[in-house]
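Here's the structure, in structure tokens; my notes come after.
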Amino acid sequence: MAKIKKVTKTTDNPFLNLYELDRESKTGKKGKYYVASRAKNVSSLKLNSKKNKPDGVIIYSLYGENQDKVVLVRQYRYSIDDYIYEFPAGLVEETEDYKEAAVREMKEETGLEFQPLEVDPVYEKPAFTTIGMTDESCSIVFGTSTGRISQEYLEDTEEIEVVLADREEIRRILREENVAIMCSYMLMHFLHDKEPFGFLTEM
């Protein structure tokens with residue numbers, strides 16, 4: 001098994017930092033590995049804490065009287081200098097429960113009121129996002145939304161268009177647009193599942 005000999009924090013940014021790992025492979029070869037993390041210090045890295053507390057939430061919400069639309073955001077992202085379709089999402093504050101974070105983030109990004117579902121915890125267990133680059137993990141929170149779309153609560157740095165997508169629009173988005181991988185996967189299921197949240201009752 002590979003070993004980590006030393007970890008050094010190489011940046012000091014507010015939301016994301018780079019850590020340099022002195023590592024040794026299973027055959028004893030030494031080298032470097034780099035991990036991006038939302039951890040504020042070396043001791044908080046998941047490789048040290050061994051605790052998988054969600055850094056963020058991804059919100060899968062249905063909308064409409066028949067719950068036949070999905071709440072999406074079309075958001076500008078610097079990493080690709082373009083817009084991408086995603087589920088509403090955001091970071092969990094240190095003293096905040098992740099479901100509380102989901103309600104807050106939905107309101108801030110869309111203006112909608114979000115009602116989380118009570119589901120088996122296995123469906124909300126934090127999962128890692130891009131493990132080859134980062135130790136970031138997120139919980140998916142499932143639920144429904146009501147109300148009117150508003151940009152009143154957006155921060156200046158956020159460029160977000162809220163999209164209430166029916167199945168026809170989802171097909172177009174998957175064919176033609178940039179889509180975040182988690183969002184893409186769940187939308188494929190939404191297209192084909194008669195009851196979009198039916199699987200949540202099957203554990």
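Chain labels A, B, ... are given in the sequence in which chains occur in the structure tokens; within each chain residues are numbered consecutively from 1, and ligands are likewise numbered from 1 in the order shown.
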
Review point. Where in range 1-198 of chain A does DSSP assign strand (DSSP E or B), given as a ChimeraX atom specification?
Key: /A:3-9,17-24,30-37,56-63,69-77,82-86,89-91,113-116,127-128,134,137-146,160-165,179

Practice item. Tell me, as JSON, numbers by chain, which residues lie within 12 Å of Asp81 in chain A, counting only C-alpha atoms; anything in the same chain fewer than 6 positions away does not count. Key: {"A": [75, 159, 178]}

Would you write out those residues with N, CA and C atoms, as a JSON list (two decimals), in the first residue's frame?
[["chain", "number", "residue", "atom", "x", "y", "z"],
["A", 75, "GLN", "N", -25.18, 28.25, -14.97],
["A", 75, "GLN", "CA", -24.26, 29.12, -14.23],
["A", 75, "GLN", "C", -22.94, 29.30, -14.97],
["A", 159, "GLU", "N", -23.36, 34.39, -11.54],
["A", 159, "GLU", "CA", -24.14, 34.60, -12.76],
["A", 159, "GLU", "C", -24.98, 33.36, -12.97],
["A", 178, "ASN", "N", -23.31, 22.10, -21.88],
["A", 178, "ASN", "CA", -22.41, 21.64, -20.84],
["A", 178, "ASN", "C", -23.23, 21.26, -19.61]]

Could you produce a table of the residues of range 67-158 of chain A lying within 12 Å of range 24-37 of chain A, with the nearest pair of atoms per residue and their separation in Å rounded to one decimal, using only C-alpha atoms, ordered by chain and increasing residue number, as CSV?
residue,atom,partner,partner_atom,distance
A:Phe128,CA,A:Ser37,CA,11.6
A:Thr129,CA,A:Ser37,CA,11.4
A:Thr130,CA,A:Ala36,CA,10.0
A:Ile131,CA,A:Val35,CA,9.0
A:Gly132,CA,A:Val35,CA,8.0
A:Met133,CA,A:Val35,CA,5.4
A:Thr134,CA,A:Ala36,CA,4.6
A:Asp135,CA,A:Ser37,CA,5.8
A:Glu136,CA,A:Ser37,CA,6.2
A:Ser137,CA,A:Ser37,CA,9.8

DSSP on the backbone, then: every residue of chain A marked alpha helix (DSSP H), written as an mmCIF file with N, CA, C and O atoms, in the first residue's frame.
data_model
loop_
_atom_site.group_PDB
_atom_site.id
_atom_site.type_symbol
_atom_site.label_atom_id
_atom_site.label_comp_id
_atom_site.auth_asym_id
_atom_site.auth_seq_id
_atom_site.Cartn_x
_atom_site.Cartn_y
_atom_site.Cartn_z
ATOM 1 N N LYS A 46 -9.083 15.315 4.994
ATOM 2 C CA LYS A 46 -9.748 14.035 5.260
ATOM 3 C C LYS A 46 -8.750 12.884 5.336
ATOM 4 O O LYS A 46 -9.010 11.888 6.008
ATOM 5 N N LEU A 47 -7.598 13.024 4.695
ATOM 6 C CA LEU A 47 -6.583 11.981 4.790
ATOM 7 C C LEU A 47 -6.019 11.892 6.205
ATOM 8 O O LEU A 47 -5.457 10.865 6.617
ATOM 9 N N ASN A 48 -6.164 12.973 6.990
ATOM 10 C CA ASN A 48 -5.730 12.974 8.389
ATOM 11 C C ASN A 48 -6.884 12.758 9.356
ATOM 12 O O ASN A 48 -6.778 11.981 10.298
ATOM 13 N N SER A 49 -7.986 13.451 9.133
ATOM 14 C CA SER A 49 -9.110 13.372 10.077
ATOM 15 C C SER A 49 -9.876 12.055 9.954
ATOM 16 O O SER A 49 -10.480 11.589 10.915
ATOM 17 N N TYR A 98 -26.398 19.978 6.989
ATOM 18 C CA TYR A 98 -26.377 20.035 5.523
ATOM 19 C C TYR A 98 -27.761 20.252 4.917
ATOM 20 O O TYR A 98 -27.888 20.852 3.849
ATOM 21 N N LYS A 99 -28.824 19.800 5.594
ATOM 22 C CA LYS A 99 -30.171 20.061 5.063
ATOM 23 C C LYS A 99 -30.541 21.533 5.227
ATOM 24 O O LYS A 99 -31.199 22.117 4.362
ATOM 25 N N GLU A 100 -30.107 22.128 6.313
ATOM 26 C CA GLU A 100 -30.297 23.571 6.480
ATOM 27 C C GLU A 100 -29.551 24.321 5.381
ATOM 28 O O GLU A 100 -30.047 25.316 4.833
ATOM 29 N N ALA A 101 -28.352 23.836 5.057
ATOM 30 C CA ALA A 101 -27.575 24.462 3.988
ATOM 31 C C ALA A 101 -28.308 24.372 2.658
ATOM 32 O O ALA A 101 -28.292 25.314 1.854
ATOM 33 N N ALA A 102 -28.965 23.230 2.407
ATOM 34 C CA ALA A 102 -29.701 23.057 1.154
ATOM 35 C C ALA A 102 -30.850 24.057 1.045
ATOM 36 O O ALA A 102 -31.068 24.658 -0.016
ATOM 37 N N VAL A 103 -31.584 24.241 2.127
ATOM 38 C CA VAL A 103 -32.689 25.207 2.135
ATOM 39 C C VAL A 103 -32.157 26.615 1.875
ATOM 40 O O VAL A 103 -32.702 27.377 1.071
ATOM 41 N N ARG A 104 -31.070 26.959 2.555
ATOM 42 C CA ARG A 104 -30.479 28.298 2.405
ATOM 43 C C ARG A 104 -29.958 28.515 0.990
ATOM 44 O O ARG A 104 -30.222 29.563 0.367
ATOM 45 N N GLU A 105 -29.217 27.539 0.469
ATOM 46 C CA GLU A 105 -28.636 27.692 -0.865
ATOM 47 C C GLU A 105 -29.708 27.778 -1.952
ATOM 48 O O GLU A 105 -29.567 28.542 -2.912
ATOM 49 N N MET A 106 -30.760 26.990 -1.825
ATOM 50 C CA MET A 106 -31.838 27.073 -2.814
ATOM 51 C C MET A 106 -32.453 28.475 -2.826
ATOM 52 O O MET A 106 -32.704 29.052 -3.890
ATOM 53 N N LYS A 107 -32.670 29.022 -1.644
ATOM 54 C CA LYS A 107 -33.243 30.366 -1.555
ATOM 55 C C LYS A 107 -32.302 31.394 -2.170
ATOM 56 O O LYS A 107 -32.727 32.266 -2.935
ATOM 57 N N GLU A 108 -31.006 31.284 -1.860
ATOM 58 C CA GLU A 108 -30.044 32.266 -2.341
ATOM 59 C C GLU A 108 -29.866 32.197 -3.853
ATOM 60 O O GLU A 108 -29.752 33.232 -4.521
ATOM 61 N N GLU A 109 -29.834 30.987 -4.398
ATOM 62 C CA GLU A 109 -29.550 30.843 -5.832
ATOM 63 C C GLU A 109 -30.778 31.001 -6.706
ATOM 64 O O GLU A 109 -30.650 31.411 -7.862
ATOM 65 N N THR A 110 -31.955 30.662 -6.185
ATOM 66 C CA THR A 110 -33.141 30.633 -7.045
ATOM 67 C C THR A 110 -34.312 31.470 -6.539
ATOM 68 O O THR A 110 -35.218 31.780 -7.302
ATOM 69 N N ARG A 167 -39.213 17.355 -19.264
ATOM 70 C CA ARG A 167 -38.471 16.280 -19.932
ATOM 71 C C ARG A 167 -37.974 16.685 -21.321
ATOM 72 O O ARG A 167 -36.865 16.317 -21.721
ATOM 73 N N GLU A 168 -38.763 17.441 -22.044
ATOM 74 C CA GLU A 168 -38.328 17.883 -23.369
ATOM 75 C C GLU A 168 -37.090 18.775 -23.273
ATOM 76 O O GLU A 168 -36.129 18.615 -24.026
ATOM 77 N N GLU A 169 -37.107 19.703 -22.325
ATOM 78 C CA GLU A 169 -35.966 20.598 -22.153
ATOM 79 C C GLU A 169 -34.751 19.831 -21.641
ATOM 80 O O GLU A 169 -33.610 20.117 -22.034
ATOM 81 N N ILE A 170 -34.967 18.859 -20.787
ATOM 82 C CA ILE A 170 -33.856 18.054 -20.284
ATOM 83 C C ILE A 170 -33.182 17.296 -21.416
ATOM 84 O O ILE A 170 -31.948 17.224 -21.485
ATOM 85 N N ARG A 171 -33.969 16.755 -22.323
ATOM 86 C CA ARG A 171 -33.378 16.058 -23.479
ATOM 87 C C ARG A 171 -32.497 17.010 -24.291
ATOM 88 O O ARG A 171 -31.407 16.656 -24.729
ATOM 89 N N ARG A 172 -32.985 18.236 -24.490
ATOM 90 C CA ARG A 172 -32.207 19.220 -25.244
ATOM 91 C C ARG A 172 -30.910 19.563 -24.506
ATOM 92 O O ARG A 172 -29.834 19.623 -25.118
ATOM 93 N N ILE A 173 -31.021 19.779 -23.202
ATOM 94 C CA ILE A 173 -29.844 20.132 -22.406
ATOM 95 C C ILE A 173 -28.789 19.039 -22.484
ATOM 96 O O ILE A 173 -27.603 19.309 -22.698
ATOM 97 N N LEU A 174 -29.202 17.788 -22.331
ATOM 98 C CA LEU A 174 -28.247 16.681 -22.370
ATOM 99 C C LEU A 174 -27.586 16.549 -23.743
ATOM 100 O O LEU A 174 -26.423 16.166 -23.843
ATOM 101 N N ARG A 175 -28.338 16.880 -24.809
ATOM 102 C CA ARG A 175 -27.784 16.791 -26.171
ATOM 103 C C ARG A 175 -26.845 17.939 -26.484
ATOM 104 O O ARG A 175 -25.810 17.742 -27.131
ATOM 105 N N GLU A 176 -27.173 19.144 -26.023
ATOM 106 C CA GLU A 176 -26.552 20.346 -26.575
ATOM 107 C C GLU A 176 -25.691 21.158 -25.619
ATOM 108 O O GLU A 176 -24.885 21.985 -26.079
ATOM 109 N N ILE A 181 -21.456 16.429 -14.150
ATOM 110 C CA ILE A 181 -21.633 14.984 -14.275
ATOM 111 C C ILE A 181 -22.709 14.429 -13.345
ATOM 112 O O ILE A 181 -23.513 13.583 -13.748
ATOM 113 N N MET A 182 -22.752 14.872 -12.079
ATOM 114 C CA MET A 182 -23.784 14.373 -11.169
ATOM 115 C C MET A 182 -25.164 14.745 -11.669
ATOM 116 O O MET A 182 -26.099 13.934 -11.670
ATOM 117 N N CYS A 183 -25.302 15.972 -12.136
ATOM 118 C CA CYS A 183 -26.569 16.445 -12.673
ATOM 119 C C CYS A 183 -26.957 15.633 -13.912
ATOM 120 O O CYS A 183 -28.098 15.189 -14.046
ATOM 121 N N SER A 184 -26.010 15.420 -14.794
ATOM 122 C CA SER A 184 -26.263 14.663 -16.018
ATOM 123 C C SER A 184 -26.794 13.275 -15.706
ATOM 124 O O SER A 184 -27.785 12.811 -16.287
ATOM 125 N N TYR A 185 -26.143 12.589 -14.785
ATOM 126 C CA TYR A 185 -26.525 11.227 -14.430
ATOM 127 C C TYR A 185 -27.945 11.174 -13.889
ATOM 128 O O TYR A 185 -28.752 10.322 -14.296
ATOM 129 N N MET A 186 -28.287 12.094 -12.979
ATOM 130 C CA MET A 186 -29.622 12.085 -12.378
ATOM 131 C C MET A 186 -30.693 12.486 -13.383
ATOM 132 O O MET A 186 -31.815 11.965 -13.356
ATOM 133 N N LEU A 187 -30.365 13.394 -14.305
ATOM 134 C CA LEU A 187 -31.341 13.786 -15.322
ATOM 135 C C LEU A 187 -31.648 12.639 -16.276
ATOM 136 O O LEU A 187 -32.780 12.501 -16.748
ATOM 137 N N MET A 188 -30.648 11.807 -16.578
ATOM 138 C CA MET A 188 -30.906 10.631 -17.418
ATOM 139 C C MET A 188 -31.935 9.717 -16.762
ATOM 140 O O MET A 188 -32.828 9.175 -17.431
ATOM 141 N N HIS A 189 -31.812 9.555 -15.441
ATOM 142 C CA HIS A 189 -32.794 8.734 -14.723
ATOM 143 C C HIS A 189 -34.168 9.400 -14.716
ATOM 144 O O HIS A 189 -35.196 8.732 -14.858
ATOM 145 N N PHE A 190 -34.184 10.725 -14.540
ATOM 146 C CA PHE A 190 -35.459 11.442 -14.528
ATOM 147 C C PHE A 190 -36.224 11.228 -15.833
ATOM 148 O O PHE A 190 -37.450 11.095 -15.830
ATOM 149 N N LEU A 191 -35.505 11.180 -16.942
ATOM 150 C CA LEU A 191 -36.152 10.991 -18.241
ATOM 151 C C LEU A 191 -36.882 9.657 -18.341
ATOM 152 O O LEU A 191 -37.894 9.540 -19.031
ATOM 153 N N HIS A 192 -36.350 8.640 -17.663
ATOM 154 C CA HIS A 192 -36.859 7.291 -17.885
ATOM 155 C C HIS A 192 -37.625 6.697 -16.708
ATOM 156 O O HIS A 192 -38.309 5.689 -16.873
#

Practice item. Can you work out the spacing between CA of Val162 in chain A and CA of Phe114 in chain A in Å, to one decimal? Key: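 Those two atoms sit 14.1 Å apart.
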
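When only C-alpha atoms are used to measure the gap to Ser61 in chain A, the shortest distance among A:Asn17, A:Ser43, A:Thr146, A:Thr8 belongs to A:Thr146.
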